[in-house]
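Q: My questions all concern the structure below.
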Amino acid sequence: STRWQMGIHTTLFHVLKMQRSTGNISSWLQLCQTCILQAVLELINTTTWIRWLRNLYPYSKKLRNANPKDMLTDKRFISSTPERWGGIECSFTRVGSQFLDQLQITGHDRRGSSDIDRFAALGFKSMRYPFLWEKHQLRYDHPINWQWASGQLDALQRYNIEPIAGLLHHGNGPAFTDLLDPDFPEHFVRYARAFAEKFPWVKYYTPINEPLTTARFCGLYGLWYPHKKNDRDFAIIFLNQMKATILAMESIKGINPEAQLVQTEDLSKTYSTP
């Protein structure tokens with residue numbers, strides 16, 4: 001759609017302009033941090049954590065329209081018993097030809113719903129939970145096996161834990177694609193739509209975790225596949241993930257109009273003494 005095209009083209013223009021004028025990688029990364037918020041959160045009109053929290057509570061119109069900073073100190077917003085949210089570290093990285101699956105390494109995928117029993121005992125009301133592309137669609141033309149995902153979602157529902165579905169976590173996708181593949185967004189959207197069709201009641205999504213961080217490690221530092229260390233590949237990897245996120249949410253919303261994006265990123269600023 002023209003909405004994501006406008007965001008992607010504007011982002012790429014400013015990135016290339018910054019590169020030509022300064023050649024400063026640090027400035028470029030700061031620009032990309034701003035772009036991820038503009039091109040994803042604003043263009044597809046989804047949600048930030050503050051907006052999501054705001055909509056969870058039946059506050060007055062005045063409070064609902066309040067400045068997010070005011071909401072952090074307004075007594076009508078702050079609850080004496082804040083909800084406990086949780087998440088699982090579930091990176092599925094590729095190094096060379098080897099896939100590193102943290103769900104497998106930690107044993108969570110084998111323990112299955114018994115871990116969710118333990119999470120529920122901690123009082124979690126919402127969880128970022130992984131239903132990773134690489135684990136469910138090993139080959140492009142093969143049917144997706146949803147058995148494990150169904151069992152985990154059943155367990156979350158049993159304890160009334162709201163899932164925030166994660167579909168890609170520092171990964172390149174299955175072996176038939178990667179983050180430099182021009183068809184990567186199309187492949188990812190196909191998987192995201194299949195998940196939404198199978199589980200249309202799921203409302204909250206983090207389609208791609210920390211796309212800027214992934215782009216740095218895959219395209220700038222060379223630590224993760226495809227092990228690139230140049231500005232051009234870094235930009236392509238970053239923008240490919242942005243496009244995939246936007247189109248995936250549009251496709252998911254076509255199935256569940258109530259679906260919302262909960263976007264994550266490692267945005268930071270370091271301070272020091274002179």
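Letters A, B, ... go to the chains of the structure tokens in the order shown; residues in each chain start at 1; ligands are counted from 1 in the same order.
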Check the DSSP output for the backbone and give back, as an MDAnalysis selection string, the residues of stretch 186-227 of chain A in alpha helix (DSSP H).

A: chainID A and resid 186:198 211:215

Q: Could you save those same residues with N, CA, C and O atoms as a PDB file, in the first residue's frame?

A:
```
ATOM      1  N   GLU A 186       7.157 -10.834   1.701  1.00  0.00           N
ATOM      2  CA  GLU A 186       6.036 -11.625   1.184  1.00  0.00           C
ATOM      3  C   GLU A 186       5.968 -12.982   1.881  1.00  0.00           C
ATOM      4  O   GLU A 186       4.878 -13.446   2.259  1.00  0.00           O
ATOM      5  N   HIS A 187       7.105 -13.645   2.052  1.00  0.00           N
ATOM      6  CA  HIS A 187       7.132 -14.936   2.744  1.00  0.00           C
ATOM      7  C   HIS A 187       6.659 -14.789   4.192  1.00  0.00           C
ATOM      8  O   HIS A 187       5.889 -15.623   4.695  1.00  0.00           O
ATOM      9  N   PHE A 188       7.128 -13.738   4.852  1.00  0.00           N
ATOM     10  CA  PHE A 188       6.767 -13.542   6.254  1.00  0.00           C
ATOM     11  C   PHE A 188       5.270 -13.273   6.406  1.00  0.00           C
ATOM     12  O   PHE A 188       4.624 -13.801   7.319  1.00  0.00           O
ATOM     13  N   VAL A 189       4.733 -12.443   5.541  1.00  0.00           N
ATOM     14  CA  VAL A 189       3.303 -12.128   5.603  1.00  0.00           C
ATOM     15  C   VAL A 189       2.468 -13.395   5.421  1.00  0.00           C
ATOM     16  O   VAL A 189       1.432 -13.579   6.077  1.00  0.00           O
ATOM     17  N   ARG A 190       2.926 -14.272   4.559  1.00  0.00           N
ATOM     18  CA  ARG A 190       2.209 -15.535   4.331  1.00  0.00           C
ATOM     19  C   ARG A 190       2.126 -16.338   5.626  1.00  0.00           C
ATOM     20  O   ARG A 190       1.077 -16.918   5.947  1.00  0.00           O
ATOM     21  N   TYR A 191       3.213 -16.389   6.381  1.00  0.00           N
ATOM     22  CA  TYR A 191       3.204 -17.115   7.649  1.00  0.00           C
ATOM     23  C   TYR A 191       2.336 -16.396   8.685  1.00  0.00           C
ATOM     24  O   TYR A 191       1.548 -17.034   9.404  1.00  0.00           O
ATOM     25  N   ALA A 192       2.478 -15.072   8.774  1.00  0.00           N
ATOM     26  CA  ALA A 192       1.702 -14.307   9.747  1.00  0.00           C
ATOM     27  C   ALA A 192       0.207 -14.481   9.512  1.00  0.00           C
ATOM     28  O   ALA A 192      -0.582 -14.629  10.456  1.00  0.00           O
ATOM     29  N   ARG A 193      -0.196 -14.458   8.251  1.00  0.00           N
ATOM     30  CA  ARG A 193      -1.607 -14.626   7.931  1.00  0.00           C
ATOM     31  C   ARG A 193      -2.091 -16.036   8.300  1.00  0.00           C
ATOM     32  O   ARG A 193      -3.196 -16.209   8.817  1.00  0.00           O
ATOM     33  N   ALA A 194      -1.256 -17.032   8.037  1.00  0.00           N
ATOM     34  CA  ALA A 194      -1.627 -18.401   8.372  1.00  0.00           C
ATOM     35  C   ALA A 194      -1.830 -18.542   9.881  1.00  0.00           C
ATOM     36  O   ALA A 194      -2.758 -19.230  10.338  1.00  0.00           O
ATOM     37  N   PHE A 195      -0.967 -17.895  10.663  1.00  0.00           N
ATOM     38  CA  PHE A 195      -1.115 -17.942  12.124  1.00  0.00           C
ATOM     39  C   PHE A 195      -2.424 -17.283  12.541  1.00  0.00           C
ATOM     40  O   PHE A 195      -3.173 -17.831  13.365  1.00  0.00           O
ATOM     41  N   ALA A 196      -2.718 -16.107  11.982  1.00  0.00           N
ATOM     42  CA  ALA A 196      -3.944 -15.396  12.347  1.00  0.00           C
ATOM     43  C   ALA A 196      -5.187 -16.166  11.929  1.00  0.00           C
ATOM     44  O   ALA A 196      -6.212 -16.132  12.625  1.00  0.00           O
ATOM     45  N   GLU A 197      -5.118 -16.859  10.810  1.00  0.00           N
ATOM     46  CA  GLU A 197      -6.256 -17.662  10.371  1.00  0.00           C
ATOM     47  C   GLU A 197      -6.482 -18.851  11.303  1.00  0.00           C
ATOM     48  O   GLU A 197      -7.630 -19.239  11.573  1.00  0.00           O
ATOM     49  N   LYS A 198      -5.395 -19.427  11.811  1.00  0.00           N
ATOM     50  CA  LYS A 198      -5.501 -20.570  12.711  1.00  0.00           C
ATOM     51  C   LYS A 198      -5.975 -20.145  14.102  1.00  0.00           C
ATOM     52  O   LYS A 198      -6.748 -20.857  14.757  1.00  0.00           O
ATOM     53  N   PRO A 211      13.688  -5.070  15.250  1.00  0.00           N
ATOM     54  CA  PRO A 211      14.257  -5.123  13.885  1.00  0.00           C
ATOM     55  C   PRO A 211      15.549  -4.326  13.717  1.00  0.00           C
ATOM     56  O   PRO A 211      16.422  -4.742  12.953  1.00  0.00           O
ATOM     57  N   LEU A 212      15.677  -3.202  14.409  1.00  0.00           N
ATOM     58  CA  LEU A 212      16.900  -2.422  14.283  1.00  0.00           C
ATOM     59  C   LEU A 212      18.083  -3.162  14.898  1.00  0.00           C
ATOM     60  O   LEU A 212      19.182  -3.196  14.332  1.00  0.00           O
ATOM     61  N   THR A 213      17.867  -3.772  16.060  1.00  0.00           N
ATOM     62  CA  THR A 213      18.930  -4.542  16.698  1.00  0.00           C
ATOM     63  C   THR A 213      19.360  -5.713  15.813  1.00  0.00           C
ATOM     64  O   THR A 213      20.556  -5.977  15.646  1.00  0.00           O
ATOM     65  N   THR A 214      18.375  -6.406  15.231  1.00  0.00           N
ATOM     66  CA  THR A 214      18.694  -7.518  14.332  1.00  0.00           C
ATOM     67  C   THR A 214      19.488  -7.033  13.129  1.00  0.00           C
ATOM     68  O   THR A 214      20.460  -7.673  12.704  1.00  0.00           O
ATOM     69  N   ALA A 215      19.103  -5.885  12.576  1.00  0.00           N
ATOM     70  CA  ALA A 215      19.817  -5.340  11.418  1.00  0.00           C
ATOM     71  C   ALA A 215      21.263  -5.002  11.774  1.00  0.00           C
ATOM     72  O   ALA A 215      22.171  -5.203  10.954  1.00  0.00           O
TER      73      ALA A 215
END
```

Q: What parts of stretch 65-250 of chain A does DSSP call strand (DSSP E or B)? I'd like the answer as a PyMOL selection string.

A: chain A and resi 84-87+92-95+98-101+124-130+162-169+204-209

Q: Would you put the residues from that selection into a file with C-alpha atoms, as an mmCIF file, in the first residue's frame?

A:
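What landed in selection.cif:
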```cif
data_model
loop_
_atom_site.group_PDB
_atom_site.id
_atom_site.type_symbol
_atom_site.label_atom_id
_atom_site.label_comp_id
_atom_site.auth_asym_id
_atom_site.auth_seq_id
_atom_site.Cartn_x
_atom_site.Cartn_y
_atom_site.Cartn_z
ATOM 1 C CA ARG A 84 2.661 -8.727 36.136
ATOM 2 C CA TRP A 85 3.721 -9.316 32.554
ATOM 3 C CA GLY A 86 6.298 -11.835 31.441
ATOM 4 C CA GLY A 87 8.172 -13.103 28.442
ATOM 5 C CA PHE A 92 16.290 -18.094 16.858
ATOM 6 C CA THR A 93 19.518 -16.900 15.286
ATOM 7 C CA ARG A 94 21.452 -18.222 12.314
ATOM 8 C CA VAL A 95 25.252 -18.355 12.360
ATOM 9 C CA GLN A 98 23.674 -23.410 11.888
ATOM 10 C CA PHE A 99 20.392 -22.386 13.538
ATOM 11 C CA LEU A 100 20.531 -21.623 17.272
ATOM 12 C CA ASP A 101 17.153 -22.167 18.938
ATOM 13 C CA PHE A 124 1.366 -13.229 35.064
ATOM 14 C CA LYS A 125 -1.590 -11.583 33.327
ATOM 15 C CA SER A 126 0.058 -11.160 29.927
ATOM 16 C CA MET A 127 3.046 -12.760 28.219
ATOM 17 C CA ARG A 128 5.105 -12.185 25.125
ATOM 18 C CA TYR A 129 5.067 -15.696 23.738
ATOM 19 C CA PRO A 130 6.958 -17.128 20.723
ATOM 20 C CA GLU A 162 -3.167 -12.700 27.399
ATOM 21 C CA PRO A 163 -0.599 -13.757 24.750
ATOM 22 C CA ILE A 164 1.439 -11.256 22.759
ATOM 23 C CA ALA A 165 2.389 -13.433 19.808
ATOM 24 C CA GLY A 166 5.957 -13.168 18.538
ATOM 25 C CA LEU A 167 6.592 -14.555 15.054
ATOM 26 C CA LEU A 168 10.282 -13.737 14.434
ATOM 27 C CA HIS A 169 12.907 -13.120 17.108
ATOM 28 C CA TYR A 204 -1.720 -8.652 20.348
ATOM 29 C CA TYR A 205 1.296 -9.191 18.128
ATOM 30 C CA THR A 206 4.996 -8.465 18.022
ATOM 31 C CA PRO A 207 5.553 -9.754 14.471
ATOM 32 C CA ILE A 208 9.291 -9.022 14.405
ATOM 33 C CA ASN A 209 11.233 -8.428 17.601
#
```

Q: State, in Å with one decimal place, the distance from atom CA of A:Leu103 to atom CA of A:Leu239.

A: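 So the answer is 27.0 Å.
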
Q: Ranking A:Ile116, A:Ile161, A:Ile237, A:Met242 by minimum distance to A:Gln263 and counting only C-alpha atoms, which one comes first?

A: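 Closest candidate: A:Met242.
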
Q: Looking at only C-alpha atoms, which of A:Ile105, A:Leu180, A:Leu156, A:Ala175 is the one that sits closest to A:Arg118?

A: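 Of all the options, A:Leu156 lies closest to A:Arg118.
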